[in-house]
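Coordinates from target-v9.txt are shown below (compact mmCIF, C-alpha atoms and all ligand atoms).
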```txt
# COMPACT_ATOMS: atom_id res chain seq x y z
CA MET T 1 104.80 101.24 111.25
CA PHE T 2 102.00 103.76 110.79
CA ARG T 3 101.38 104.83 107.19
CA ILE T 4 100.06 108.39 107.33
CA SER T 5 99.80 108.72 103.54
CA GLN T 6 97.64 105.62 103.27
CA PHE T 7 95.08 107.11 105.67
CA MET T 8 95.31 110.48 103.93
CA GLN T 9 94.41 108.65 100.73
CA GLU T 10 91.38 107.19 102.52
CA LEU T 11 90.06 110.71 103.06
CA GLU T 12 89.69 111.12 99.32
CA SER T 13 89.14 107.58 98.09
CA PRO T 14 87.68 105.48 100.87
CA SER T 15 88.25 101.74 100.47
CA PRO T 16 85.97 99.09 101.98
CA VAL T 17 86.52 98.34 105.66
CA GLN T 18 87.55 94.72 106.15
CA PRO T 19 88.36 92.53 109.11
CA ARG T 20 91.93 92.82 110.36
CA ARG T 21 94.12 90.32 108.53
CA ASN T 22 97.75 89.59 109.30
CA PRO T 23 100.13 89.04 106.39
CA PRO T 24 101.30 85.40 106.01
CA GLY T 25 104.68 85.95 107.67
CA PRO T 26 106.36 88.84 109.44
CA VAL T 27 108.52 91.47 107.79
CA VAL T 28 112.05 90.68 108.97
CA ILE T 29 114.44 93.46 109.88
CA TRP T 30 117.81 91.77 109.69
CA ASN T 31 120.84 93.35 111.32
CA LEU T 32 123.41 91.48 109.28
CA ILE T 33 126.42 93.20 110.82
CA ARG T 34 127.03 95.23 113.94
CA ARG T 35 130.05 97.06 112.62
CA CYS T 36 129.36 100.66 111.62
CA ASN T 37 131.55 103.49 110.44
CA LEU T 38 129.53 105.85 112.64
CA THR T 39 128.60 105.90 116.35
CA CYS T 40 125.26 107.68 116.37
CA LYS T 41 123.77 108.96 119.61
CA HIS T 42 120.48 107.10 119.21
CA CYS T 43 121.76 103.77 117.82
CA TYR T 44 119.80 100.85 119.26
CA SER T 45 122.50 98.31 118.41
CA ILE T 46 125.36 100.22 120.09
CA SER T 47 127.59 99.61 117.10
CA ALA T 48 131.26 100.49 116.65
CA ASP T 49 133.80 100.55 113.84
CA LYS T 50 135.26 97.16 114.62
CA ASP T 51 134.40 93.58 113.72
CA PHE T 52 132.13 91.68 116.10
CA ALA T 53 132.77 87.97 116.59
CA GLY T 54 130.25 85.23 115.87
CA GLU T 55 128.22 86.88 113.11
CA LEU T 56 126.29 84.67 110.69
CA SER T 57 128.30 83.49 107.68
CA THR T 58 127.05 83.84 104.11
CA THR T 59 126.03 80.16 104.06
CA GLU T 60 124.15 80.54 107.33
CA VAL T 61 122.37 83.64 106.05
CA PHE T 62 121.34 81.77 102.90
CA SER T 63 119.97 78.84 104.84
CA VAL T 64 117.96 81.17 107.13
CA MET T 65 116.61 82.85 103.99
CA ASP T 66 115.32 79.50 102.71
CA ASP T 67 113.46 79.00 105.97
CA LEU T 68 112.06 82.55 105.84
CA LYS T 69 110.87 81.93 102.31
CA GLN T 70 108.99 78.75 103.14
CA PHE T 71 107.55 80.57 106.19
CA ARG T 72 106.13 83.13 103.73
CA VAL T 73 108.05 86.12 105.02
CA PRO T 74 107.27 88.86 102.47
CA ALA T 75 110.07 91.35 103.05
CA LEU T 76 113.65 91.60 104.29
CA ILE T 77 115.03 94.88 105.53
CA LEU T 78 118.80 94.44 105.36
CA SER T 79 120.32 96.57 108.08
CA GLY T 80 123.24 96.87 110.50
CA GLY T 81 125.40 98.45 111.87
CA GLU T 82 126.11 99.56 108.35
CA PRO T 83 125.12 96.74 105.99
CA LEU T 84 127.41 98.00 103.22
CA LEU T 85 130.38 97.10 105.43
CA ARG T 86 129.50 93.42 105.07
CA PRO T 87 131.73 92.12 102.27
CA ASP T 88 128.98 89.76 101.06
CA ILE T 89 126.15 92.32 101.17
CA PHE T 90 125.58 92.19 97.41
CA GLU T 91 125.60 88.39 97.36
CA ILE T 92 123.03 88.34 100.16
CA SER T 93 120.95 91.05 98.49
CA ALA T 94 121.00 89.27 95.13
CA ARG T 95 119.89 86.04 96.78
CA SER T 96 117.10 87.90 98.55
CA LYS T 97 115.85 89.28 95.24
CA GLU T 98 116.18 85.89 93.59
CA LEU T 99 113.93 84.45 96.28
CA ARG T 100 111.49 87.25 95.53
CA PHE T 101 111.56 88.93 98.90
CA PHE T 102 110.75 92.62 98.90
CA THR T 103 114.34 93.68 99.57
CA ALA T 104 115.22 96.91 101.31
CA LEU T 105 118.59 98.30 102.27
CA SER T 106 118.77 100.37 105.43
CA SER T 107 121.96 102.43 105.42
CA ASN T 108 123.46 105.55 106.91
CA GLY T 109 124.24 106.57 103.33
CA THR T 110 127.82 107.71 103.91
CA LEU T 111 129.28 104.72 102.08
CA ILE T 112 127.12 105.03 98.98
CA ASP T 113 129.28 106.67 96.36
CA THR T 114 130.33 106.43 92.72
CA SER T 115 132.43 103.35 93.50
CA ASN T 116 129.44 101.17 94.43
CA ILE T 117 126.28 102.82 93.10
CA GLU T 118 126.30 100.62 90.00
CA LYS T 119 126.31 97.48 92.14
CA ILE T 120 123.57 98.91 94.35
CA ALA T 121 121.47 99.79 91.31
CA ALA T 122 122.10 96.37 89.74
CA ILE T 123 120.62 94.62 92.79
CA GLY T 124 117.41 96.53 92.18
CA TYR T 125 116.57 97.06 95.84
CA ASP T 126 112.87 97.70 96.26
CA TYR T 127 113.70 100.44 98.71
CA VAL T 128 116.77 102.18 100.10
CA GLY T 129 116.30 103.93 103.44
CA ILE T 130 118.90 106.47 104.53
CA SER T 131 118.98 108.13 107.94
CA LEU T 132 119.22 111.89 108.34
CA ASP T 133 119.01 113.42 111.80
CA GLY T 134 118.69 116.99 110.64
CA ILE T 135 120.42 119.46 108.39
CA ALA T 136 124.21 119.77 108.12
CA ASP T 137 125.72 120.40 111.59
CA THR T 138 122.78 118.88 113.46
CA HIS T 139 123.17 115.65 111.53
CA ASP T 140 126.95 115.63 111.86
CA LYS T 141 126.69 116.12 115.63
CA PHE T 142 124.22 113.24 115.97
CA ARG T 143 126.32 111.04 113.72
CA ARG T 144 129.53 112.17 115.41
CA MET T 145 131.21 112.65 112.07
CA LYS T 146 132.06 115.91 110.35
CA GLY T 147 130.86 115.77 106.75
CA ALA T 148 128.42 112.88 107.32
CA PHE T 149 125.47 114.97 106.11
CA VAL T 150 127.15 115.83 102.81
CA LYS T 151 128.05 112.18 102.25
CA SER T 152 124.58 110.86 103.11
CA LEU T 153 122.92 113.45 100.90
CA ALA T 154 125.23 112.48 98.04
CA GLY T 155 124.18 108.86 98.65
CA ILE T 156 120.50 109.84 98.44
CA ARG T 157 121.11 111.67 95.17
CA LEU T 158 122.98 108.74 93.64
CA CYS T 159 120.18 106.34 94.56
CA HIS T 160 117.62 108.73 93.17
CA GLU T 161 119.55 109.09 89.90
CA ALA T 162 119.74 105.29 89.72
CA ASN T 163 115.92 105.21 89.86
CA LEU T 164 115.84 103.46 93.21
CA LYS T 165 112.98 104.25 95.55
CA VAL T 166 114.67 106.16 98.31
CA GLY T 167 113.49 107.26 101.71
CA VAL T 168 114.78 109.38 104.57
CA ARG T 169 114.50 108.16 108.12
CA PHE T 170 114.49 110.84 110.82
CA THR T 171 114.62 109.98 114.52
CA MET T 172 113.41 112.97 116.48
CA THR T 173 114.72 114.14 119.84
CA GLN T 174 114.67 117.51 121.61
CA ASP T 175 118.01 118.33 120.00
CA ASN T 176 116.93 118.01 116.38
CA ALA T 177 113.17 118.73 116.41
CA HIS T 178 113.87 122.25 115.14
CA ASP T 179 115.25 120.83 111.88
CA LEU T 180 112.12 118.91 110.93
CA PRO T 181 110.56 121.62 108.69
CA ALA T 182 113.84 122.13 106.82
CA LEU T 183 114.30 118.40 106.43
CA LEU T 184 110.82 118.00 104.96
CA LYS T 185 111.62 120.78 102.51
CA LEU T 186 114.91 119.11 101.60
CA CYS T 187 113.11 115.83 100.95
CA GLU T 188 110.68 117.56 98.63
CA ASP T 189 113.46 119.37 96.77
CA GLU T 190 115.46 116.15 96.41
CA GLY T 191 112.49 114.10 95.21
CA VAL T 192 112.74 111.67 98.13
CA ASP T 193 109.98 109.05 97.86
CA ARG T 194 109.32 108.37 101.50
CA PHE T 195 109.75 110.22 104.79
CA TYR T 196 109.96 107.91 107.78
CA PHE T 197 109.55 109.68 111.10
CA SER T 198 110.86 107.62 113.97
CA HIS T 199 110.00 108.45 117.56
CA LEU T 200 112.95 107.88 119.87
CA ASN T 201 112.55 104.58 121.66
CA TYR T 202 114.07 103.51 124.93
CA ALA T 203 116.54 100.84 123.83
CA GLY T 204 120.22 100.60 123.02
CA ARG T 205 122.00 103.93 122.98
CA GLY T 206 118.59 105.61 122.81
CA ASN T 207 117.92 104.28 126.30
CA LYS T 208 120.70 106.40 127.70
CA ASN T 209 119.19 109.45 126.08
CA ARG T 210 115.87 109.14 127.84
CA LYS T 211 116.16 112.55 129.49
CA THR T 212 116.78 114.32 126.19
CA ASP T 213 113.81 112.72 124.43
CA ALA T 214 111.53 115.24 122.75
CA ARG T 215 108.76 116.21 125.10
CA TYR T 216 105.16 115.47 124.34
CA GLN T 217 104.42 118.94 122.99
CA ALA T 218 107.23 118.74 120.48
CA THR T 219 105.91 115.36 119.34
CA ARG T 220 102.42 116.75 118.86
CA GLN T 221 103.75 119.68 116.85
CA ALA T 222 105.81 117.32 114.71
CA MET T 223 102.82 115.09 114.03
CA ASP T 224 100.67 118.10 113.09
CA LEU T 225 103.37 119.21 110.68
CA LEU T 226 103.60 115.72 109.15
CA PHE T 227 99.83 115.50 108.70
CA ASP T 228 99.65 118.96 107.15
CA THR T 229 102.61 118.30 104.85
CA CYS T 230 101.24 114.93 103.78
CA LEU T 231 97.82 116.46 103.07
CA ASP T 232 99.43 119.26 101.10
CA TYR T 233 101.42 116.75 99.00
CA HIS T 234 98.29 114.75 98.46
CA GLN T 235 96.33 117.78 97.31
CA ARG T 236 99.14 118.71 94.92
CA GLY T 237 99.15 115.20 93.48
CA LEU T 238 102.68 114.43 94.71
CA GLU T 239 103.07 110.75 95.40
CA LYS T 240 105.16 110.66 98.54
CA GLU T 241 104.85 108.33 101.46
CA PHE T 242 104.83 109.51 105.04
CA THR T 243 105.23 106.88 107.73
CA THR T 244 106.02 106.84 111.42
CA GLY T 245 107.55 104.25 113.68
CA ASN T 246 107.94 103.39 117.37
CA THR T 247 104.69 105.03 118.50
CA ASP T 248 101.42 103.48 117.43
CA ALA T 249 99.47 106.13 119.34
CA ASP T 250 100.07 108.19 116.18
CA GLY T 251 96.98 106.49 114.75
CA VAL T 252 94.84 107.80 117.60
CA TYR T 253 96.36 111.24 117.27
CA MET T 254 95.51 111.20 113.58
CA LEU T 255 91.91 110.28 114.35
CA HIS T 256 91.60 113.43 116.48
CA TRP T 257 93.20 115.45 113.68
CA VAL T 258 90.67 114.07 111.19
CA ARG T 259 87.80 114.77 113.59
CA ARG T 260 88.87 118.42 113.68
CA ARG T 261 89.67 118.83 109.99
CA PHE T 262 87.29 116.44 108.23
CA PRO T 263 84.58 115.50 110.75
CA GLU T 264 82.41 113.93 108.06
CA LYS T 265 85.22 111.41 107.29
CA ALA T 266 86.12 110.56 110.87
CA ALA T 267 83.91 107.46 111.19
CA HIS T 268 85.49 105.88 108.11
CA ILE T 269 89.04 106.71 109.21
CA GLU T 270 88.32 105.31 112.67
CA ALA T 271 87.14 102.04 111.12
CA LYS T 272 90.24 101.84 108.90
CA LEU T 273 92.49 102.58 111.86
CA LYS T 274 90.88 99.71 113.76
CA GLN T 275 91.46 97.48 110.74
CA TRP T 276 95.17 98.42 110.97
CA GLY T 277 95.17 97.63 114.69
CA GLY T 278 98.36 99.27 115.97
CA ASN T 279 101.48 97.68 117.32
CA ALA T 280 102.63 94.53 115.52
CA SER T 281 105.95 93.67 117.20
CA GLY T 282 106.26 89.92 117.63
CA VAL T 283 103.45 89.40 115.11
CA ASN T 284 104.00 91.14 111.77
CA VAL T 285 107.47 92.52 112.50
CA ALA T 286 110.48 90.44 113.47
CA ASN T 287 114.15 91.03 114.02
CA ILE T 288 117.21 88.85 113.57
CA ASP T 289 120.44 90.30 114.95
CA ASN T 290 123.99 89.89 113.66
CA LEU T 291 124.54 86.78 115.80
CA GLY T 292 121.34 85.09 114.66
CA ASN T 293 119.31 85.86 117.77
CA VAL T 294 115.63 86.47 117.11
CA HIS T 295 113.80 89.37 118.78
CA PRO T 296 110.20 90.63 118.61
CA ASP T 297 111.56 93.80 116.95
CA THR T 298 114.77 95.83 116.83
CA MET T 299 114.11 97.49 120.19
CA TRP T 300 114.10 94.15 122.06
CA TRP T 301 117.80 93.30 121.69
CA HIS T 302 117.98 92.58 125.42
CA TYR T 303 115.39 89.80 124.98
CA ASN T 304 116.26 86.69 122.98
CA LEU T 305 113.58 84.39 121.68
CA GLY T 306 116.12 81.89 120.34
CA ASN T 307 118.94 81.60 117.84
CA VAL T 308 118.62 80.56 114.20
CA ARG T 309 121.73 78.36 114.61
CA ASP T 310 119.80 76.22 117.11
CA ARG T 311 116.25 76.32 115.75
CA PRO T 312 114.77 77.58 112.49
CA PHE T 313 113.32 81.08 112.63
CA SER T 314 109.91 79.66 111.71
CA THR T 315 109.93 77.47 114.84
CA ILE T 316 111.16 80.22 117.13
CA TRP T 317 108.57 82.65 115.81
CA GLN T 318 105.62 80.39 116.46
CA ASP T 319 106.77 79.29 119.93
CA THR T 320 104.38 80.91 122.37
CA SER T 321 105.84 79.01 125.33
CA ASP T 322 107.89 82.19 125.63
CA PRO T 323 105.79 84.49 127.85
CA LEU T 324 106.66 87.65 125.93
CA MET T 325 105.70 86.07 122.61
CA ALA T 326 102.49 84.72 124.11
CA GLY T 327 101.60 88.20 125.35
CA LEU T 328 102.50 89.91 122.08
CA LYS T 329 100.55 87.41 120.01
CA ALA T 330 97.44 87.60 122.19
CA LEU T 331 94.59 89.38 120.47
CA PRO T 332 93.76 91.67 122.12
CA ARG T 333 96.86 92.08 124.26
CA THR T 334 96.37 92.51 127.98
CA VAL T 335 97.81 95.88 128.98
CA GLY T 336 97.24 97.81 132.19
CA GLY T 337 97.17 101.45 133.32
CA ARG T 338 95.85 104.12 130.97
CA CYS T 339 96.31 101.80 127.97
CA GLY T 340 94.01 99.25 129.62
CA SER T 341 91.25 101.81 129.99
CA CYS T 342 91.93 103.67 126.74
CA THR T 343 88.94 104.03 124.43
CA HIS T 344 91.23 103.65 121.43
CA PHE T 345 93.07 100.50 122.45
CA SER T 346 91.81 98.70 119.36
CA ILE T 347 93.50 101.33 117.15
CA CYS T 348 96.84 101.53 118.96
CA GLY T 349 97.14 98.07 120.49
CA GLY T 350 98.77 99.48 123.62
CA ASN T 351 101.69 100.96 121.71
CA THR T 352 105.30 99.96 122.29
CA ARG T 353 105.73 97.31 124.97
CA VAL T 354 109.49 97.64 125.21
CA ARG T 355 109.11 101.20 126.45
CA ALA T 356 106.82 100.02 129.25
CA GLN T 357 109.23 97.22 130.10
CA GLN T 358 112.29 99.47 130.16
CA MET T 359 110.66 102.18 132.24
CA THR T 360 108.78 100.03 134.74
CA GLY T 361 110.10 96.48 134.44
CA ASP T 362 106.62 95.33 133.44
CA ALA T 363 106.10 94.82 129.70
CA TRP T 364 102.34 94.91 130.20
CA SER T 365 102.05 98.24 131.98
CA GLU T 366 100.94 101.39 130.16
CA ASP T 367 103.27 102.87 127.54
CA PRO T 368 104.98 105.87 129.16
CA GLY T 369 105.65 107.29 125.70
CA CYS T 370 101.99 107.99 124.94
CA TYR T 371 101.68 111.70 124.20
CA LEU T 372 97.89 111.84 124.09
CA THR T 373 95.98 113.65 126.82
CA ASP T 374 93.53 111.94 129.18
CA GLU T 375 90.70 113.62 127.26
CA GLU T 376 91.99 112.28 123.94
CA ILE T 377 92.21 108.69 125.13
CA ALA T 378 88.73 108.92 126.64
CA ALA T 379 86.83 110.14 123.59
S1 LIG T 401 96.76 105.25 126.20
FE1 LIG T 401 97.89 103.46 125.47
S2 LIG T 401 96.44 102.45 124.07
FE2 LIG T 401 95.71 104.55 124.34
S3 LIG T 401 96.61 105.75 122.71
FE3 LIG T 401 97.96 105.93 124.47
S4 LIG T 401 99.48 104.32 124.19
FE4 LIG T 401 97.73 103.84 122.87
```

When written as structure tokens, how does the structure in this file appear?
Ligand code: SF4
Amino acid sequence: MFRISQFMQELESPSPVQPRRNPPGPVVIWNLIRRCNLTCKHCYSISADKDFAGELSTTEVFSVMDDLKQFRVPALILSGGEPLLRPDIFEISARSKELRFFTALSSNGTLIDTSNIEKIAAIGYDYVGISLDGIADTHDKFRRMKGAFVKSLAGIRLCHEANLKVGVRFTMTQDNAHDLPALLKLCEDEGVDRFYFSHLNYAGRGNKNRKTDARYQATRQAMDLLFDTCLDYHQRGLEKEFTTGNTDADGVYMLHWVRRRFPEKAAHIEAKLKQWGGNASGVNVANIDNLGNVHPDTMWWHYNLGNVRDRPFSTIWQDTSDPLMAGLKALPRTVGGRCGSCTHFSICGGNTRVRAQQMTGDAWSEDPGCYLTDEEIAA
């Protein structure tokens, strides 16, 4: 994840540059259930509105949590499918809070209503992330459900009224890029705390949409808009977070933006970007799926590192006899093509390996999703 607002803050209040330090354990994105009431076009888990066999029981989830705790995992992102369809979601969430994990709920928002908002508020989630793919019809088309937008927006409002920190997640493609400005405006009007911009990745249902992915120019325009909006918020003293996901080259793109806009601050931002270090899949980010399989992140569902029913997560995660894990944990990673010769490799880390693997069969070839020009990666 790339935190735009954090770097924007650095423009005004620079903090000391320190060596890159990994947190004690990875943030775990946990797909507790595959069932979903929606069938979104870009879903990486290819969910459906039916029960999937073999999912972890409550007791199994609790015992994995104990292992995650002793492994010093700081945060659990409870996701799905639609996590609110899991009958024990509040039990699991309460246990997560009890164990003092930063606990986030990642939902499509359509099932948050007056019948359950009190329970949601009582858990005291540290963050609730709700996906919106655009305004009204655009969102409904992506979500393949008439009225989904209205329901999700109502869910956002209820969370906001319950004083929960709430964020909107937007996955951009060619078919919804036009809604980005209106969505940013909506988020401001609704007092949304965080805007998470997700680049479309090539995995799950998203993989089948490769041809409709937003082209590089649209991505650049979107990033410019995000930077400008974030700067504007910052200058107005509005505390909102802007983050991006699935493309670590965003850090390099931001460096070029800073060089143009605030050349006197560019050296500091470059140093802070290097401290961040880019892609962290398999290192600081982990994924457990509904069946207990462990993956380097949510986009690697076709690659199993092991199952928590057979070995504790903490053992699986440290096992570098797996070649993918060995490669991801190498510092620096060995990546070929334009990434290998990129001047800014230490900022981006070679970006998203799953995209390289899915496009070329080689996880260590250049990331085909990089939208920077040859000139930008050379200087
Ligand atoms: S060329 Fe590779 S390492 Fe350089 S910015 Fe693009 S994706 Fe990142």

Within 6 Å of ligand LIG 401 (chain T), which residues of chain T come that close, and what is the closest atom pair and distance in Å for each? Count only C-alpha atoms and all ligand atoms and give it as JSON lines.
```
{"residue": "T:Ala249", "atom": "CA", "partner": "T:LIG401", "partner_atom": "S3", "distance": 4.4}
{"residue": "T:Val252", "atom": "CA", "partner": "T:LIG401", "partner_atom": "S3", "distance": 5.8}
{"residue": "T:Arg338", "atom": "CA", "partner": "T:LIG401", "partner_atom": "S1", "distance": 5.0}
{"residue": "T:Cys339", "atom": "CA", "partner": "T:LIG401", "partner_atom": "FE1", "distance": 3.4}
{"residue": "T:Cys342", "atom": "CA", "partner": "T:LIG401", "partner_atom": "FE2", "distance": 4.6}
{"residue": "T:His344", "atom": "CA", "partner": "T:LIG401", "partner_atom": "FE2", "distance": 5.4}
{"residue": "T:Phe345", "atom": "CA", "partner": "T:LIG401", "partner_atom": "S2", "distance": 4.2}
{"residue": "T:Cys348", "atom": "CA", "partner": "T:LIG401", "partner_atom": "FE4", "distance": 4.6}
{"residue": "T:Gly349", "atom": "CA", "partner": "T:LIG401", "partner_atom": "S2", "distance": 5.7}
{"residue": "T:Gly350", "atom": "CA", "partner": "T:LIG401", "partner_atom": "S2", "distance": 3.8}
{"residue": "T:Asn351", "atom": "CA", "partner": "T:LIG401", "partner_atom": "S4", "distance": 4.7}
{"residue": "T:Glu366", "atom": "CA", "partner": "T:LIG401", "partner_atom": "FE1", "distance": 6.0}
{"residue": "T:Asp367", "atom": "CA", "partner": "T:LIG401", "partner_atom": "S4", "distance": 5.3}
{"residue": "T:Cys370", "atom": "CA", "partner": "T:LIG401", "partner_atom": "S4", "distance": 4.5}
{"residue": "T:Leu372", "atom": "CA", "partner": "T:LIG401", "partner_atom": "FE3", "distance": 5.9}
{"residue": "T:Ile377", "atom": "CA", "partner": "T:LIG401", "partner_atom": "FE2", "distance": 5.5}
```

Residues near T:Pro26, cut-off 10 Å, all atoms listed in the file, skip fewer than 2 positions along chain, as a ChimeraX atom specification: /T:22-24,28-29,68,71-76,280-287,317

Between atom CA of T:Thr138 and atom CA of T:Cys159, distance in Å (one decimal): 22.8 Å

Figure out the distance between atom CA of T:Asp232 and atom CA of T:Lys265, please, to one decimal in Å.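 Atom-to-atom, atom CA of T:Lys265 to atom CA of T:Asp232, that is 17.4 Å.
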
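Computed from the coordinates, the atom CA of T:Ile156 to atom CA of T:Val192 distance equals 8.0 Å.
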
Might you pull out every residue within 12 Å of T:Leu84, with all atoms listed in the file counted and same-chain residues fewer than 5 positions away left off, and present them as a ChimeraX atom specification? /T:31-37,78-79,89-93,105-113,116-117,119-120,128

Would you mind putting N, CA and C atoms back on stretch 313-337 of chain T and writing the result as a PDB file, in the frame of the given file?
```pdb
ATOM      1  N   PHE T 313     114.087  79.878 112.284  1.00  0.00           N
ATOM      2  CA  PHE T 313     113.320  81.080 112.630  1.00  0.00           C
ATOM      3  C   PHE T 313     111.825  80.745 112.723  1.00  0.00           C
ATOM      4  N   SER T 314     111.351  79.956 111.756  1.00  0.00           N
ATOM      5  CA  SER T 314     109.910  79.660 111.710  1.00  0.00           C
ATOM      6  C   SER T 314     109.430  78.959 112.982  1.00  0.00           C
ATOM      7  N   THR T 315     110.297  78.144 113.587  1.00  0.00           N
ATOM      8  CA  THR T 315     109.930  77.470 114.840  1.00  0.00           C
ATOM      9  C   THR T 315     109.962  78.456 115.994  1.00  0.00           C
ATOM     10  N   ILE T 316     111.026  79.239 116.041  1.00  0.00           N
ATOM     11  CA  ILE T 316     111.160  80.220 117.130  1.00  0.00           C
ATOM     12  C   ILE T 316     109.967  81.174 117.123  1.00  0.00           C
ATOM     13  N   TRP T 317     109.603  81.609 115.931  1.00  0.00           N
ATOM     14  CA  TRP T 317     108.570  82.650 115.810  1.00  0.00           C
ATOM     15  C   TRP T 317     107.193  82.177 116.262  1.00  0.00           C
ATOM     16  N   GLN T 318     106.957  80.890 116.112  1.00  0.00           N
ATOM     17  CA  GLN T 318     105.620  80.390 116.460  1.00  0.00           C
ATOM     18  C   GLN T 318     105.555  79.857 117.887  1.00  0.00           C
ATOM     19  N   ASP T 319     106.691  79.896 118.596  1.00  0.00           N
ATOM     20  CA  ASP T 319     106.770  79.290 119.930  1.00  0.00           C
ATOM     21  C   ASP T 319     106.209  80.236 120.993  1.00  0.00           C
ATOM     22  N   THR T 320     104.983  80.012 121.372  1.00  0.00           N
ATOM     23  CA  THR T 320     104.380  80.910 122.370  1.00  0.00           C
ATOM     24  C   THR T 320     104.573  80.372 123.796  1.00  0.00           C
ATOM     25  N   SER T 321     105.498  79.398 123.957  1.00  0.00           N
ATOM     26  CA  SER T 321     105.840  79.010 125.330  1.00  0.00           C
ATOM     27  C   SER T 321     106.680  80.134 125.959  1.00  0.00           C
ATOM     28  N   ASP T 322     107.207  81.008 125.125  1.00  0.00           N
ATOM     29  CA  ASP T 322     107.890  82.190 125.630  1.00  0.00           C
ATOM     30  C   ASP T 322     106.814  83.187 126.083  1.00  0.00           C
ATOM     31  N   PRO T 323     106.887  83.644 127.344  1.00  0.00           N
ATOM     32  CA  PRO T 323     105.790  84.490 127.850  1.00  0.00           C
ATOM     33  C   PRO T 323     105.641  85.815 127.101  1.00  0.00           C
ATOM     34  N   LEU T 324     106.769  86.380 126.660  1.00  0.00           N
ATOM     35  CA  LEU T 324     106.660  87.650 125.930  1.00  0.00           C
ATOM     36  C   LEU T 324     105.950  87.430 124.591  1.00  0.00           C
ATOM     37  N   MET T 325     106.341  86.353 123.898  1.00  0.00           N
ATOM     38  CA  MET T 325     105.700  86.070 122.610  1.00  0.00           C
ATOM     39  C   MET T 325     104.216  85.757 122.790  1.00  0.00           C
ATOM     40  N   ALA T 326     103.902  85.034 123.854  1.00  0.00           N
ATOM     41  CA  ALA T 326     102.490  84.720 124.110  1.00  0.00           C
ATOM     42  C   ALA T 326     101.706  86.013 124.310  1.00  0.00           C
ATOM     43  N   GLY T 327     102.288  86.925 125.069  1.00  0.00           N
ATOM     44  CA  GLY T 327     101.600  88.200 125.350  1.00  0.00           C
ATOM     45  C   GLY T 327     101.477  89.060 124.103  1.00  0.00           C
ATOM     46  N   LEU T 328     102.531  89.079 123.287  1.00  0.00           N
ATOM     47  CA  LEU T 328     102.500  89.910 122.080  1.00  0.00           C
ATOM     48  C   LEU T 328     101.524  89.358 121.047  1.00  0.00           C
ATOM     49  N   LYS T 329     101.412  88.032 121.027  1.00  0.00           N
ATOM     50  CA  LYS T 329     100.550  87.410 120.010  1.00  0.00           C
ATOM     51  C   LYS T 329      99.092  87.339 120.444  1.00  0.00           C
ATOM     52  N   ALA T 330      98.832  87.616 121.719  1.00  0.00           N
ATOM     53  CA  ALA T 330      97.440  87.600 122.190  1.00  0.00           C
ATOM     54  C   ALA T 330      96.655  88.691 121.479  1.00  0.00           C
ATOM     55  N   LEU T 331      95.437  88.404 121.159  1.00  0.00           N
ATOM     56  CA  LEU T 331      94.590  89.380 120.470  1.00  0.00           C
ATOM     57  C   LEU T 331      93.225  89.441 121.160  1.00  0.00           C
ATOM     58  N   PRO T 332      92.919  90.512 121.873  1.00  0.00           N
ATOM     59  CA  PRO T 332      93.760  91.670 122.120  1.00  0.00           C
ATOM     60  C   PRO T 332      94.815  91.381 123.193  1.00  0.00           C
ATOM     61  N   ARG T 333      95.857  92.199 123.203  1.00  0.00           N
ATOM     62  CA  ARG T 333      96.860  92.080 124.260  1.00  0.00           C
ATOM     63  C   ARG T 333      96.273  92.571 125.577  1.00  0.00           C
ATOM     64  N   THR T 334      96.832  92.066 126.656  1.00  0.00           N
ATOM     65  CA  THR T 334      96.370  92.510 127.980  1.00  0.00           C
ATOM     66  C   THR T 334      97.360  93.546 128.515  1.00  0.00           C
ATOM     67  N   VAL T 335      96.934  94.790 128.550  1.00  0.00           N
ATOM     68  CA  VAL T 335      97.810  95.880 128.980  1.00  0.00           C
ATOM     69  C   VAL T 335      97.097  96.674 130.064  1.00  0.00           C
ATOM     70  N   GLY T 336      97.862  97.103 131.064  1.00  0.00           N
ATOM     71  CA  GLY T 336      97.240  97.810 132.190  1.00  0.00           C
ATOM     72  C   GLY T 336      97.316  99.322 132.078  1.00  0.00           C
ATOM     73  N   GLY T 337      97.054  99.991 133.208  1.00  0.00           N
ATOM     74  CA  GLY T 337      97.170 101.450 133.320  1.00  0.00           C
ATOM     75  C   GLY T 337      96.255 102.175 132.346  1.00  0.00           C
TER      76      GLY T 337
END
```
